[in-house]
Each structure stands twice: as structure tokens, then as C-alpha cells.
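Novice: Data: run35.cif, mmCIF, C-alpha atoms and all ligand atoms.
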```
data_coords
#
loop_
_atom_site.label_atom_id
_atom_site.label_comp_id
_atom_site.auth_asym_id
_atom_site.auth_seq_id
_atom_site.Cartn_x
_atom_site.Cartn_y
_atom_site.Cartn_z
CA MET A 1 107.52 -188.64 136.62
CA SER A 2 103.78 -189.26 136.77
CA LEU A 3 102.02 -192.34 135.45
CA LYS A 4 98.60 -190.72 135.72
CA GLY A 5 96.22 -192.24 133.19
CA LYS A 6 98.39 -195.33 132.72
CA CYS A 7 97.26 -198.81 133.66
CA CYS A 8 99.78 -201.41 134.71
CA VAL A 9 98.58 -204.95 135.29
CA VAL A 10 100.96 -206.79 137.59
CA GLY A 11 101.07 -210.59 137.51
CA VAL A 12 102.58 -212.04 140.69
CA CYS A 13 103.83 -215.64 140.66
CA GLY A 14 104.86 -217.97 143.46
CA GLY A 15 108.34 -217.15 144.67
CA ILE A 16 109.85 -215.67 147.80
CA ALA A 17 110.56 -212.47 145.83
CA ALA A 18 106.77 -211.87 145.70
CA TYR A 19 107.21 -209.76 148.85
CA LYS A 20 109.39 -207.31 146.90
CA VAL A 21 106.59 -206.84 144.36
CA VAL A 22 104.47 -205.34 147.13
CA ASP A 23 107.01 -202.49 147.14
CA VAL A 24 106.96 -202.31 143.32
CA VAL A 25 103.16 -201.95 143.33
CA SER A 26 103.31 -199.36 146.09
CA ARG A 27 105.85 -197.30 144.11
CA LEU A 28 103.71 -197.49 140.96
CA LYS A 29 100.69 -196.29 142.95
CA LYS A 30 102.73 -193.38 144.33
CA LEU A 31 103.42 -192.41 140.70
CA ASP A 32 99.61 -192.33 140.19
CA ALA A 33 99.43 -195.40 137.97
CA GLU A 34 96.27 -197.48 138.03
CA VAL A 35 97.46 -200.91 139.14
CA ASP A 36 95.56 -204.19 138.91
CA VAL A 37 97.13 -207.27 140.45
CA ILE A 38 96.63 -210.87 139.35
CA MET A 39 98.05 -213.51 141.70
CA THR A 40 98.66 -217.15 140.83
CA ALA A 41 97.63 -219.77 143.37
CA SER A 42 101.28 -220.26 144.42
CA ALA A 43 101.83 -216.50 144.81
CA GLN A 44 99.12 -216.52 147.48
CA GLU A 45 101.24 -218.94 149.52
CA PHE A 46 103.90 -216.18 149.84
CA VAL A 47 101.88 -212.94 150.06
CA THR A 48 98.18 -212.38 150.65
CA ALA A 49 95.78 -210.78 148.19
CA LEU A 50 94.76 -208.46 151.04
CA THR A 51 98.24 -206.90 151.02
CA PHE A 52 97.94 -205.92 147.36
CA ARG A 53 94.28 -204.90 147.73
CA SER A 54 95.19 -202.56 150.58
CA ILE A 55 97.80 -200.85 148.40
CA THR A 56 95.96 -200.74 145.09
CA HIS A 57 92.48 -200.11 146.53
CA ARG A 58 91.23 -202.50 143.88
CA PRO A 59 90.07 -206.10 143.89
CA VAL A 60 92.95 -208.52 143.41
CA ILE A 61 92.27 -211.29 140.92
CA THR A 62 93.10 -214.70 142.30
CA ASP A 63 90.57 -216.96 140.74
CA MET A 64 89.57 -217.58 137.14
CA PHE A 65 86.02 -218.56 138.06
CA GLY A 66 85.36 -216.33 141.08
CA GLU A 67 82.32 -214.06 141.22
CA PRO A 68 83.29 -210.90 139.28
CA GLU A 69 82.95 -207.52 141.04
CA GLU A 70 81.80 -206.00 137.77
CA TRP A 71 79.98 -207.76 134.97
CA ASP A 72 82.72 -208.35 132.45
CA VAL A 73 85.05 -211.10 131.37
CA ARG A 74 87.92 -210.18 133.69
CA HIS A 75 90.84 -211.63 131.77
CA ILE A 76 89.65 -209.92 128.57
CA SER A 77 88.90 -206.56 130.17
CA LEU A 78 92.24 -206.45 132.03
CA ALA A 79 94.09 -207.56 128.91
CA GLN A 80 92.49 -204.70 126.98
CA LYS A 81 92.91 -201.93 129.53
CA ALA A 82 96.59 -202.67 130.32
CA ASP A 83 99.11 -200.18 128.95
CA LEU A 84 101.79 -202.47 130.28
CA PHE A 85 101.79 -205.96 131.71
CA LEU A 86 104.43 -206.67 134.35
CA ILE A 87 105.10 -210.23 135.53
CA ALA A 88 107.23 -210.34 138.67
CA PRO A 89 108.56 -212.54 140.07
CA ALA A 90 108.26 -214.59 136.89
CA THR A 91 108.82 -218.27 137.68
CA ALA A 92 110.15 -220.93 135.31
CA ASN A 93 106.55 -222.18 135.27
CA ILE A 94 104.91 -219.02 133.87
CA ILE A 95 107.78 -218.50 131.40
CA GLY A 96 107.37 -222.10 130.22
CA LYS A 97 103.59 -221.73 129.95
CA LEU A 98 103.78 -218.53 127.91
CA ALA A 99 106.48 -219.94 125.64
CA SER A 100 104.33 -223.02 125.02
CA GLY A 101 101.00 -221.22 124.60
CA ILE A 102 99.43 -222.72 127.72
CA ALA A 103 96.63 -220.61 129.19
CA ASP A 104 95.18 -222.42 132.19
CA ASP A 105 94.80 -219.78 134.88
CA MET A 106 93.91 -216.11 135.21
CA LEU A 107 97.47 -214.83 134.72
CA SER A 108 98.37 -216.93 131.67
CA THR A 109 95.00 -216.34 129.97
CA THR A 110 95.18 -212.58 130.51
CA VAL A 111 98.75 -212.31 129.21
CA MET A 112 97.76 -214.40 126.21
CA ALA A 113 94.88 -212.04 125.46
CA THR A 114 96.77 -208.76 125.82
CA LYS A 115 98.21 -206.59 123.08
CA ALA A 116 100.08 -204.43 125.63
CA PRO A 117 103.86 -204.77 125.97
CA VAL A 118 104.71 -207.49 128.50
CA LEU A 119 107.70 -207.02 130.79
CA ILE A 120 108.83 -210.27 132.41
CA VAL A 121 111.13 -210.16 135.44
CA PRO A 122 112.36 -213.67 136.24
CA ALA A 123 113.42 -214.64 139.75
CA MET A 124 114.23 -218.20 140.71
CA ASN A 125 116.99 -220.49 141.93
CA TYR A 126 120.13 -219.83 139.87
CA ASN A 127 120.37 -223.38 138.57
CA MET A 128 116.76 -223.18 137.41
CA TYR A 129 117.47 -219.85 135.70
CA ALA A 130 120.55 -221.27 133.97
CA ASN A 131 118.64 -224.38 132.85
CA PRO A 132 118.75 -224.51 129.03
CA ILE A 133 114.99 -225.13 128.86
CA VAL A 134 114.29 -221.91 130.77
CA GLN A 135 116.87 -220.04 128.67
CA GLN A 136 115.38 -221.37 125.42
CA ASN A 137 111.90 -220.30 126.57
CA ILE A 138 113.22 -216.81 127.37
CA GLU A 139 114.91 -216.53 123.96
CA LYS A 140 111.71 -217.69 122.25
CA LEU A 141 109.60 -215.12 124.09
CA LYS A 142 112.14 -212.35 123.39
CA LYS A 143 111.95 -213.14 119.68
CA LEU A 144 108.14 -212.87 119.93
CA GLY A 145 108.48 -209.34 121.33
CA TYR A 146 108.22 -209.96 125.10
CA TYR A 147 110.53 -207.75 127.17
CA PHE A 148 112.76 -209.18 129.89
CA MET A 149 114.81 -207.80 132.75
CA GLU A 150 117.76 -209.91 133.82
CA PRO A 151 117.80 -211.18 137.39
CA ASP A 152 120.41 -209.81 139.79
CA THR A 153 123.29 -211.90 141.01
CA GLY A 154 123.69 -212.31 144.77
CA ARG A 155 122.63 -214.20 147.87
CA MET A 156 119.42 -216.15 147.40
CA ALA A 157 116.77 -217.15 149.90
CA GLU A 158 118.19 -220.67 150.17
CA GLY A 159 121.52 -219.23 151.33
CA THR A 160 123.73 -219.72 148.27
CA SER A 161 124.69 -217.06 145.73
CA GLY A 162 124.00 -216.89 142.02
CA LYS A 163 122.06 -215.18 139.25
CA GLY A 164 118.36 -215.38 139.96
CA ARG A 165 117.43 -212.61 142.42
CA LEU A 166 114.61 -210.22 141.57
CA PRO A 167 116.11 -206.78 140.75
CA GLU A 168 115.44 -204.15 143.41
CA PRO A 169 111.97 -202.51 143.24
CA PRO A 170 113.26 -199.01 142.18
CA VAL A 171 115.04 -200.59 139.20
CA ILE A 172 111.88 -202.46 138.14
CA VAL A 173 109.81 -199.29 138.51
CA GLU A 174 112.33 -197.32 136.40
CA GLU A 175 111.94 -199.90 133.66
CA VAL A 176 108.14 -199.71 133.85
CA CYS A 177 108.32 -195.90 133.65
CA ALA A 178 110.64 -196.07 130.68
CA MET A 179 108.30 -198.46 128.88
CA LEU A 180 105.22 -196.39 129.66
CA LYS A 181 106.84 -193.17 128.50
CA PRO A 182 104.04 -191.84 126.38
CA THR A 183 105.75 -189.20 124.35
CA ARG A 184 106.58 -189.40 120.65
CA ASP A 185 108.75 -186.31 120.94
CA LEU A 186 111.44 -187.55 118.54
CA GLU A 187 109.07 -187.96 115.60
CA GLY A 188 110.67 -186.51 112.45
CA LEU A 189 114.20 -186.66 113.88
CA SER A 190 116.91 -188.94 112.61
CA ILE A 191 119.34 -190.24 115.23
CA LEU A 192 122.56 -192.10 114.61
CA VAL A 193 123.62 -194.34 117.50
CA THR A 194 126.82 -196.34 117.87
CA ALA A 195 127.10 -199.28 120.25
CA GLY A 196 129.34 -202.11 121.37
CA PRO A 197 133.08 -202.55 121.14
CA THR A 198 135.31 -202.48 118.11
CA ARG A 199 137.73 -205.31 117.36
CA GLU A 200 141.19 -204.53 116.06
CA ALA A 201 142.75 -207.53 114.36
CA LEU A 202 146.29 -208.65 115.17
CA ASP A 203 146.23 -211.67 112.85
CA PRO A 204 143.50 -213.89 111.37
CA VAL A 205 142.62 -215.37 114.79
CA ARG A 206 143.36 -212.66 117.39
CA TYR A 207 142.16 -209.14 118.12
CA LEU A 208 142.26 -206.29 120.67
CA SER A 209 138.90 -205.26 122.10
CA ASN A 210 137.07 -204.34 125.33
CA HIS A 211 134.15 -205.48 127.50
CA SER A 212 131.35 -203.43 125.91
CA SER A 213 128.23 -205.58 125.48
CA GLY A 214 126.33 -203.05 123.37
CA LYS A 215 123.50 -202.88 125.97
CA MET A 216 123.79 -199.12 126.54
CA GLY A 217 123.74 -198.18 122.85
CA TYR A 218 121.01 -200.70 122.08
CA ALA A 219 118.90 -199.20 124.90
CA VAL A 220 119.40 -195.72 123.40
CA SER A 221 118.30 -197.06 120.01
CA GLN A 222 115.24 -198.82 121.46
CA ALA A 223 114.20 -195.74 123.44
CA ALA A 224 114.64 -193.47 120.41
CA VAL A 225 112.51 -195.79 118.24
CA GLU A 226 109.81 -195.87 120.97
CA ARG A 227 109.80 -192.06 120.93
CA GLY A 228 109.32 -191.91 117.17
CA ALA A 229 112.84 -191.25 115.83
CA ASP A 230 114.31 -192.79 112.69
CA VAL A 231 117.29 -194.64 114.12
CA ILE A 232 120.45 -195.85 112.43
CA LEU A 233 122.36 -198.18 114.75
CA VAL A 234 126.01 -198.76 113.91
CA SER A 235 127.06 -201.68 116.04
CA GLY A 236 130.32 -203.42 116.80
CA PRO A 237 130.27 -207.18 117.42
CA VAL A 238 127.86 -208.02 120.27
CA ALA A 239 125.85 -211.01 121.45
CA ILE A 240 122.49 -209.33 122.07
CA ASP A 241 119.43 -209.08 119.82
CA LYS A 242 119.10 -205.94 117.74
CA PRO A 243 116.26 -203.62 118.71
CA MET A 244 113.20 -203.70 116.45
CA GLY A 245 112.65 -200.82 114.06
CA VAL A 246 116.23 -199.62 113.55
CA GLU A 247 118.31 -199.46 110.40
CA TYR A 248 121.17 -201.71 111.45
CA ILE A 249 124.77 -201.50 110.26
CA GLN A 250 127.15 -204.14 111.60
CA VAL A 251 130.84 -203.26 111.76
CA THR A 252 133.93 -204.79 113.31
CA SER A 253 136.82 -202.33 113.51
CA ALA A 254 137.07 -198.63 114.37
CA ASP A 255 137.88 -197.88 110.72
CA GLU A 256 134.67 -199.62 109.61
CA MET A 257 132.68 -197.76 112.28
CA TYR A 258 134.21 -194.49 111.09
CA ASP A 259 133.16 -195.21 107.46
CA ALA A 260 129.59 -196.16 108.47
CA VAL A 261 129.18 -193.11 110.72
CA MET A 262 130.59 -190.68 108.16
CA LYS A 263 128.38 -192.09 105.41
CA ASN A 264 125.23 -191.47 107.46
CA PHE A 265 126.18 -188.32 109.37
CA LYS A 266 124.96 -185.75 106.87
CA ASP A 267 121.33 -186.94 107.05
CA CYS A 268 121.00 -187.15 110.83
CA ASP A 269 119.96 -184.59 113.44
CA ALA A 270 121.80 -186.08 116.40
CA VAL A 271 124.50 -188.65 117.14
CA VAL A 272 124.77 -190.66 120.35
CA MET A 273 128.20 -192.24 120.42
CA SER A 274 127.94 -194.96 123.05
CA ALA A 275 130.35 -197.37 121.35
CA ALA A 276 133.59 -198.18 123.12
CA VAL A 277 135.89 -197.55 120.19
CA ALA A 278 139.41 -198.93 120.51
CA ASP A 279 141.89 -196.07 120.75
CA TYR A 280 144.66 -198.08 119.09
CA LYS A 281 145.03 -200.74 116.42
CA ALA A 282 147.95 -202.89 115.28
CA ALA A 283 150.40 -201.04 113.06
CA GLU A 284 150.47 -204.13 110.88
CA VAL A 285 147.98 -206.98 110.75
CA SER A 286 149.69 -210.29 110.07
CA ASP A 287 148.19 -212.30 107.17
CA LEU A 288 149.12 -215.52 108.94
CA LYS A 289 148.59 -216.61 112.54
CA ILE A 290 151.44 -215.22 114.64
CA LYS A 291 153.45 -218.15 115.99
CA LYS A 292 154.44 -218.52 119.64
CA GLN A 293 158.00 -217.19 120.04
CA GLY A 294 160.13 -216.25 123.09
CA ASP A 295 158.91 -215.28 126.60
CA ASP A 296 158.19 -211.68 125.60
CA PHE A 297 156.12 -210.45 122.75
CA SER A 298 155.28 -206.89 121.76
CA VAL A 299 152.98 -205.40 119.19
CA GLN A 300 153.40 -201.98 117.65
CA LEU A 301 150.13 -200.05 117.96
CA VAL A 302 149.04 -196.92 116.13
CA LYS A 303 146.24 -194.52 116.99
CA ASN A 304 142.77 -195.15 115.57
CA VAL A 305 140.82 -192.29 114.11
CA ASP A 306 138.79 -190.48 116.81
CA ILE A 307 135.35 -190.71 115.21
CA LEU A 308 133.61 -188.35 117.61
CA LYS A 309 136.36 -185.73 117.37
CA GLU A 310 135.98 -185.82 113.59
CA LEU A 311 132.21 -185.34 113.94
CA GLY A 312 132.88 -182.42 116.30
CA ARG A 313 134.96 -180.75 113.59
CA ILE A 314 132.18 -180.89 110.97
CA LYS A 315 129.19 -180.77 113.31
CA GLU A 316 127.39 -177.56 112.18
CA ASP A 317 123.95 -177.57 113.92
CA LYS A 318 123.79 -181.28 114.66
CA ILE A 319 123.56 -182.46 118.27
CA LEU A 320 126.51 -184.54 119.44
CA ALA A 321 126.35 -186.72 122.55
CA GLY A 322 129.43 -188.63 123.63
CA PHE A 323 130.07 -191.07 126.44
CA ALA A 324 133.00 -191.14 128.83
CA ALA A 325 133.82 -194.47 130.45
CA GLU A 326 136.17 -193.62 133.31
CA THR A 327 137.83 -195.40 136.20
CA ASP A 328 139.09 -192.20 137.91
CA ASN A 329 138.56 -188.43 137.85
CA LEU A 330 135.20 -188.94 136.18
CA LEU A 331 134.04 -185.36 135.88
CA GLU A 332 137.42 -183.82 134.99
CA ASN A 333 138.06 -186.39 132.24
CA ALA A 334 134.53 -186.08 130.88
CA ALA A 335 134.73 -182.27 130.87
CA LYS A 336 138.00 -182.47 128.93
CA LYS A 337 136.39 -184.71 126.31
CA ILE A 338 133.34 -182.48 125.86
CA LYS A 339 135.70 -179.60 124.92
CA GLU A 340 138.20 -181.57 122.84
CA LYS A 341 135.44 -183.22 120.79
CA ASN A 342 133.12 -180.17 120.56
CA LEU A 343 130.12 -182.00 122.04
CA ASP A 344 126.76 -180.73 123.30
CA ILE A 345 126.67 -183.28 126.10
CA ILE A 346 128.75 -186.10 127.44
CA VAL A 347 127.36 -189.01 129.46
CA ALA A 348 129.91 -189.93 132.11
CA ASN A 349 129.86 -193.38 133.67
CA ASP A 350 132.27 -194.54 136.35
CA VAL A 351 132.80 -198.10 135.16
CA THR A 352 134.24 -199.17 138.54
CA MET A 353 130.87 -198.70 140.30
CA GLU A 354 128.68 -201.71 140.91
CA GLY A 355 125.73 -201.67 138.50
CA ALA A 356 127.42 -199.21 136.13
CA GLY A 357 129.34 -199.46 132.87
CA PHE A 358 130.22 -202.55 130.88
CA GLY A 359 127.90 -205.53 130.52
CA THR A 360 125.33 -204.60 133.18
CA ASP A 361 121.62 -203.98 132.57
CA THR A 362 121.84 -200.87 134.73
CA ASN A 363 123.99 -197.75 134.71
CA ILE A 364 124.80 -194.77 136.91
CA ILE A 365 125.28 -191.72 134.71
CA LYS A 366 126.07 -188.05 134.97
CA ILE A 367 125.16 -185.79 132.06
CA LEU A 368 127.61 -182.90 131.53
CA ARG A 369 126.66 -180.01 129.29
CA LYS A 370 128.99 -177.72 127.38
CA ASP A 371 128.06 -174.81 129.72
CA GLY A 372 129.67 -176.83 132.53
CA SER A 373 126.45 -177.85 134.30
CA VAL A 374 126.03 -181.45 135.44
CA THR A 375 123.01 -183.62 136.34
CA ASP A 376 123.55 -186.74 138.47
CA PHE A 377 121.25 -189.72 137.99
CA PRO A 378 120.82 -192.65 140.40
CA LEU A 379 121.24 -196.32 139.51
CA MET A 380 118.66 -197.13 136.87
CA SER A 381 118.12 -199.52 134.00
CA LYS A 382 120.02 -198.73 130.80
CA LEU A 383 116.65 -198.16 129.12
CA SER A 384 115.74 -195.50 131.67
CA ALA A 385 119.19 -193.94 131.37
CA ALA A 386 118.65 -193.88 127.61
CA HIS A 387 115.41 -191.95 128.09
CA CYS A 388 117.21 -189.41 130.32
CA ILE A 389 119.82 -188.88 127.57
CA LEU A 390 117.08 -188.47 124.96
CA ASP A 391 115.20 -186.00 127.24
CA GLU A 392 118.39 -183.92 127.20
CA ILE A 393 118.67 -184.13 123.41
CA VAL A 394 115.03 -183.06 123.00
CA GLY A 395 115.73 -180.08 125.31
CA ILE A 396 118.71 -178.99 123.19
CA TYR A 397 116.75 -179.47 119.97
CA LYS A 398 113.84 -177.35 121.24
CA SER A 399 116.17 -174.56 122.39
CA LYS A 400 117.75 -174.18 118.93
O1 LIG A 501 128.09 -201.59 125.95
P1 LIG A 501 127.81 -201.74 127.43
O2 LIG A 501 128.32 -203.03 128.00
O3 LIG A 501 126.38 -201.47 127.75
O4 LIG A 501 128.66 -200.62 128.20
C1 LIG A 501 128.37 -199.26 128.02
C2 LIG A 501 129.64 -198.42 127.91
C3 LIG A 501 130.39 -198.45 129.21
C4 LIG A 501 130.53 -198.93 126.76
C5 LIG A 501 129.13 -196.97 127.55
O5 LIG A 501 128.28 -196.53 128.56
C6 LIG A 501 130.30 -196.02 127.38
O6 LIG A 501 130.78 -195.41 128.31
N1 LIG A 501 130.77 -195.85 126.10
C7 LIG A 501 131.95 -195.06 125.73
C8 LIG A 501 133.20 -195.80 126.10
C9 LIG A 501 134.42 -195.07 125.65
O7 LIG A 501 135.03 -195.53 124.71
O8 LIG A 501 134.70 -193.97 126.25
P2 LIG A 501 135.99 -193.04 125.87
O9 LIG A 501 136.11 -192.17 127.04
O10 LIG A 501 137.15 -193.92 125.53
O11 LIG A 501 135.57 -192.25 124.56
C10 LIG A 501 134.91 -191.00 124.64
C11 LIG A 501 133.94 -190.85 123.49
O12 LIG A 501 134.66 -190.81 122.25
C12 LIG A 501 132.94 -192.00 123.37
O13 LIG A 501 131.70 -191.46 123.01
C13 LIG A 501 133.52 -192.85 122.23
O14 LIG A 501 132.49 -193.51 121.51
C14 LIG A 501 134.22 -191.82 121.36
N2 LIG A 501 135.42 -192.35 120.67
C15 LIG A 501 136.47 -192.83 121.36
C16 LIG A 501 137.59 -193.27 120.68
C17 LIG A 501 137.62 -193.21 119.27
N3 LIG A 501 138.66 -193.62 118.59
N4 LIG A 501 136.57 -192.71 118.61
C18 LIG A 501 135.47 -192.26 119.28
O15 LIG A 501 134.50 -191.81 118.66
#
```
Could you quickly redo this structure as C-alpha cells?

Specialist:
Amino acid sequence: MSLKGKCCVVGVCGGIAAYKVVDVVSRLKKLDAEVDVIMTASAQEFVTALTFRSITHRPVITDMFGEPEEWDVRHISLAQKADLFLIAPATANIIGKLASGIADDMLSTTVMATKAPVLIVPAMNYNMYANPIVQQNIEKLKKLGYYFMEPDTGRMAEGTSGKGRLPEPPVIVEEVCAMLKPTRDLEGLSILVTAGPTREALDPVRYLSNHSSGKMGYAVSQAAVERGADVILVSGPVAIDKPMGVEYIQVTSADEMYDAVMKNFKDCDAVVMSAAVADYKAAEVSDLKIKKQGDDFSVQLVKNVDILKELGRIKEDKILAGFAAETDNLLENAAKKIKEKNLDIIVANDVTMEGAGFGTDTNIIKILRKDGSVTDFPLMSKLSAAHCILDEIVGIYKSK
């Protein structure tokens, strides 16, 4: 991938993870992006401006009132030329300032003046990150259209472990690439995406379900909207915000998902079935709460409809992409499903691998095609994985 012609402004804040952003900037430069760096005063306590200047071959902005190299108002000109604004590591301080509309240094004024998408990558002590004030500020900014990556969980500089580490530089760069993806190659296409788990009721208070968070399917929807598609997102119950620009249909059970998918199938060009649909449901749903009885308890289950298999039966010239969440024999199981369900591609993810599968912001996928060929992808954000899946769909569409 080349980022030639794209300008990424990187705002570096004061945190030990600032050293990792040197690598991020270096990787962006290797992809031919034009990179301008703004450092806060505290960032300069961790890394020097010279380090970034040596990599970017451009002046690094450290001071609101310094002598400009060129005669322009720097925070306005950078705000205007940015195709993407990346803030990493984003401290509780910058997140709080942006959420409160405070613009008192070069970084906060430039972000405030930009119309480019802003990707914020927090990194801080895990107690600070979990602090409700920080979380409320993040939620507020998300609602205003700012993009966030979640911090990694692991050992922190102070020696303890928790959620607050800056994601690894390749993962941040993948996200930047995905957001800068220029193409509108899905314009005119209608894509139906399913996401999240289904819930199969046992009684009024209990259900069977799985760990799907909806992140993978929501990323596919977001990427498809960015690339110009009309997107219908049929979602099971999840706790994440719906992507902007989709037609959204909320469902609970597999039967409801089946109805919503079937109703919209005839008007779409492609389906991406990333939902984790329950294979079984209770044979009978009790009207009343089931009371505690003896030491053992069993429930009679019956098979749910296989939505994707049904679509495979009536597919005609539509493109069908399935997912296979596997814990063993990944490729064999996925290959079996591609045949059984008459799919064009299946996206296989080994859900036992760290950084892949349920609930994570990243995934490790393999795309299998019906001719038996397979492409392996490295660990990447779910948004980047979504773009890889859509690249494949565009390829199939063009070859028809
Ligand atoms: O939501 P996240 O937390 O981001 O996690 C993402 C994910 C792991 C859920 C996702 O990447 C994934 O793998 N989704 C499919 C999970 C799954 O149900 O796999 P499966 O092997 O059981 O089903 C194969 C395919 O048939 C899937 O496309 C599924 O949507 C579809 N299916 C399955 C059963 C059924 N009754 N009807 C279906 O349509």
C-alpha cells in the first residue's frame, strides 16, 4: 500500500509510549505519506523534536509562537492540509481538553481547526484510562465523530499490568492506512452485513448466546460506507455504537436475523455474514422463569435455520462472504463451509489466537476462495481486515 499524496499530521503527547510513535512515523514515511509532527511540551520530555525531524525531513512544531519556517498560520495550514490527524500517545490531558473545547497549545488548536478525520490512540496508566471522567470524555468525542483505537492490555512502564498500553506501531499504521484508503470503489453497490451474536431465549430472563461483540461486522459496515456502498447492517445485541451512514436493523434471535436478511437480500449485491449466529435454540421457550430444581438440569435444543446456507441456495449472481470462527482445523473446516453454503469466499479466523476473534479490536484472518486458493493476512485492526475483505469482494465483482 502506498500513501503517496496523503498528509498525516501526527500529534505526540507526553507519555513513555511517545518512543513507539517514532516507529509509527517512520513506517508512515516508508509508505510515502507526507508526515508533519506536532509535539506538546511534555512530549519533548520523552523524545526530542530532532528525532522526528530526522525521520520526516520536515520542521517539527513544538511551539505555538515560534518563528514560522514559512509565512503562514501554522495551526490553520496544518489543520487544512491534513488528510488524517493521528494523536498518539493520547494522554488523559489532551482527551480532556478536546472533549471540553480547550485550545491552548499548538496540538489542541490545530485539532480544533481541522476538518480531517481524527484518530486518537490513548495510552496511559490503566487506572487513569478506566477513570470514568476519561471514559466519559472518550464517549463524548466518539459521539462527535472522533475515531479511537483501544489501548492494549499488558505490562506497563511502571511495572504493573493493565489496559493502557499503546498498540504496536504496525497495528496503528494499519488503522491509518485503512482510514486513508482513498477509493470509492463500492459506489453504486448495496451490501448487506450481519454482525454480533444472536440470543436464543430459554425463558423471560435467560438466553443462550456467544462472545461476539459485533466489532468485526461493524468494521465491515464502516469500511463499506467509507468506500461508497449503501450498507444495511443487521445486528444482534451489542454494546458498541452503530457506524454512521448505515441502514440499521436491530434483531435478537437467529429467527429474527433470518427474517431481516431475507427481506433485504433481493436488493443487495453482496452479503458479508460476520454474525455469530447460534446454531441451536430451545425447543420450547418457557413463558415463566424456570425455577431452580434438582442438581441436574437439561434443555432440549433444536437446530436454528442456517441463514447463510439458505442464501447460498438462492444466491444467483450475488456475492456471498461467510466467516468461519474455528478453534481447530481452521482451513479444513472453513473449506467445508464454503462448499456446503455455496459461498464465493469465507473469512477464517482462529479464535484461539491472541488478537484474533471475539471481542478484540484486531483480527488475524485467512480468506479462502471457492477455487481453493487462500490468502493469509497478519494481525491487523478489524477495520483493516474489513478493507481486505472488501478488496476481495470488489475483485469478484469486477471479474463478473
Ligand atoms: O463480533 P466480534 O467480537 O468482532 O467477533 C468476530 C467474530 C469472531 C464473531 C467473526 O469474525 C466471525 O468469525 N463470525 C462468524 C462466527 C460463526 O458463527 O462462525 P460459524 O463457523 O459458526 O458459521 C459459519 C458462517 O455461517 C458464518 O458466516 C455465520 O454467520 C453463518 N451462520 C452460522 C449459523 C447459522 N445458523 N446461520 C448462519 O448464517

Novice: Which residue out of A:Ile365, A:Met39, A:Ala282, A:Leu192 has the minimum interatomic distance to ligand LIG 501 (chain A) when only C-alpha atoms and all ligand atoms are used?

Specialist: A:Ile365

Novice: Excluding Asp36 (chain A) and residues on its chain fewer than 6 positions from it, collect all residues at most 12 Å away from it, counting only C-alpha atoms, and give them as a VMD selection string.

Specialist: chain A and resid 6 to 12 25 to 26 28 to 29 49 52 to 62 74 to 75 77 to 79 81 to 87 107 110

Novice: List the neighbours of region 141-144 of chain A out to 12 Å using all atoms listed in the file; skip same-chain residues closer than 5 positions along the sequence, and give me the result as a list in words.

Specialist: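 Listing them by chain and then by number gives Ile94, Ile95, Gly96, Lys97, Leu98, Ala99, Ser100, Gly101, Pro117, Val118, Leu119, Ile120, Val134, Gln135, Gln136, Met149, Ile240, Asp241, Lys242, Pro243 and Met244 of chain A.
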
Novice: What is the distance between CA of Asp391 (chain A) and CA of Ala260 (chain A), in Å to one decimal?

Specialist: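 That distance, rounded to one decimal, is 25.7 Å.
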
Novice: Would you work out the distance separating CA of Asp23 (chain A) from atom O4 of ligand LIG 501 (chain A), expressed in Å to one decimal?

Specialist: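 Pair CA of Asp23 (chain A) / atom O4 of ligand LIG 501 (chain A) returns 28.8 Å.
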
Novice: What lies within 6 Å of region 208-224 of chain A using only C-alpha atoms, ignoring chain neighbours under 5 positions off, as a list in words?

Specialist: Ala195, Gly196, Pro197, Arg199, Glu200, Ala229, Val238, Pro243, Ser274, Phe358, Gly359, Lys382, Leu383 and Ala386 of chain A

Novice: Hey, what's within 10 Å of Tyr248 (chain A) if we count all atoms listed in the file and toss same-chain stuff fewer than 3 positions away? As a ChimeraX atom specification, please?

Specialist: /A:193,231-235,242-245,251

Novice: Return the single residue from A:Ala325, A:Met124, A:Val347, A:Ile38 that is closest to ligand LIG 501 (chain A), with distances computed using all atoms listed in the file.

Specialist: A:Ala325

Novice: Within 9 Å of Asp279 (chain A), counting all atoms listed in the file, which residues show up once you throw out same-chain ones fewer than 3 positions away? Write them as a ChimeraX atom specification, please.

Specialist: /A:254,276,302-306

Novice: Tell me which of A:Glu174, A:Val246, A:Thr153, A:Ala103 sits closest to Glu226 (chain A), counting all atoms listed in the file.

Specialist: A:Val246

Novice: How far is it from CA of Arg206 (chain A) to CA of Val285 (chain A), in Å with one decimal?

Specialist: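 Between these atoms lies a distance of 9.9 Å.
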
Novice: Considering all atoms listed in the file, can you say which of A:Phe148, A:Phe323, A:Phe46, A:Tyr207 comes closest to ligand LIG 501 (chain A)?

Specialist: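 Going through A:Phe148, A:Phe323, A:Phe46, A:Tyr207 one by one, the smallest distance to ligand LIG 501 (chain A) is for A:Phe323.
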
Novice: For Met257 (chain A), which of A:Ile393, A:Leu311, A:Val47, A:Ala275 is the closest residue, counting only C-alpha atoms?

Specialist: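 Closest residue, counting only C-alpha atoms: A:Ala275.
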
Novice: For a quick check of understanding, using all atoms listed in the file, which of A:Ile314, A:Ile364, A:Ala157, A:Ala321 has the smallest distance to Tyr126 (chain A)?

Specialist: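 Ranked by minimum distance to Tyr126 (chain A), first place goes to A:Ala157.
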
Novice: Listed atoms of ligand LIG 501 (chain A), axis-aligned box, 6 Å per side: centre and edge lengths to one decimal in Å, as JSON?

Specialist:
```
{"center_x": 132.5, "center_y": -196.9, "center_z": 123.9, "size_x": 24.3, "size_y": 24.2, "size_z": 22.6}
```

Novice: Please fill the gaps in region 37-47 of chain A so it has N, CA and C atoms, and write that as a compact mmCIF listing (two decimals), keeping the file's coordinate frame.

Specialist:
```
# COMPACT_ATOMS: atom_id res chain seq x y z
N VAL A 37 96.23 -206.15 140.14
CA VAL A 37 97.13 -207.27 140.45
C VAL A 37 96.40 -208.60 140.21
N ILE A 38 97.12 -209.49 139.51
CA ILE A 38 96.63 -210.87 139.35
C ILE A 38 97.63 -211.76 140.10
N MET A 39 97.14 -212.61 140.98
CA MET A 39 98.05 -213.51 141.70
C MET A 39 97.78 -214.95 141.29
N THR A 40 98.86 -215.71 141.07
CA THR A 40 98.66 -217.15 140.83
C THR A 40 98.38 -217.81 142.19
N ALA A 41 97.93 -219.05 142.13
CA ALA A 41 97.63 -219.77 143.37
C ALA A 41 98.89 -219.85 144.24
N SER A 42 100.06 -220.13 143.60
CA SER A 42 101.28 -220.26 144.42
C SER A 42 101.71 -218.91 144.99
N ALA A 43 101.45 -217.82 144.28
CA ALA A 43 101.83 -216.50 144.81
C ALA A 43 101.15 -216.25 146.14
N GLN A 44 99.89 -216.76 146.25
CA GLN A 44 99.12 -216.52 147.48
C GLN A 44 99.67 -217.30 148.68
N GLU A 45 100.58 -218.24 148.41
CA GLU A 45 101.24 -218.94 149.52
C GLU A 45 102.32 -218.04 150.14
N PHE A 46 102.79 -217.04 149.37
CA PHE A 46 103.90 -216.18 149.84
C PHE A 46 103.40 -214.83 150.37
N VAL A 47 102.41 -214.25 149.68
CA VAL A 47 101.88 -212.94 150.06
C VAL A 47 100.36 -213.03 149.95
```
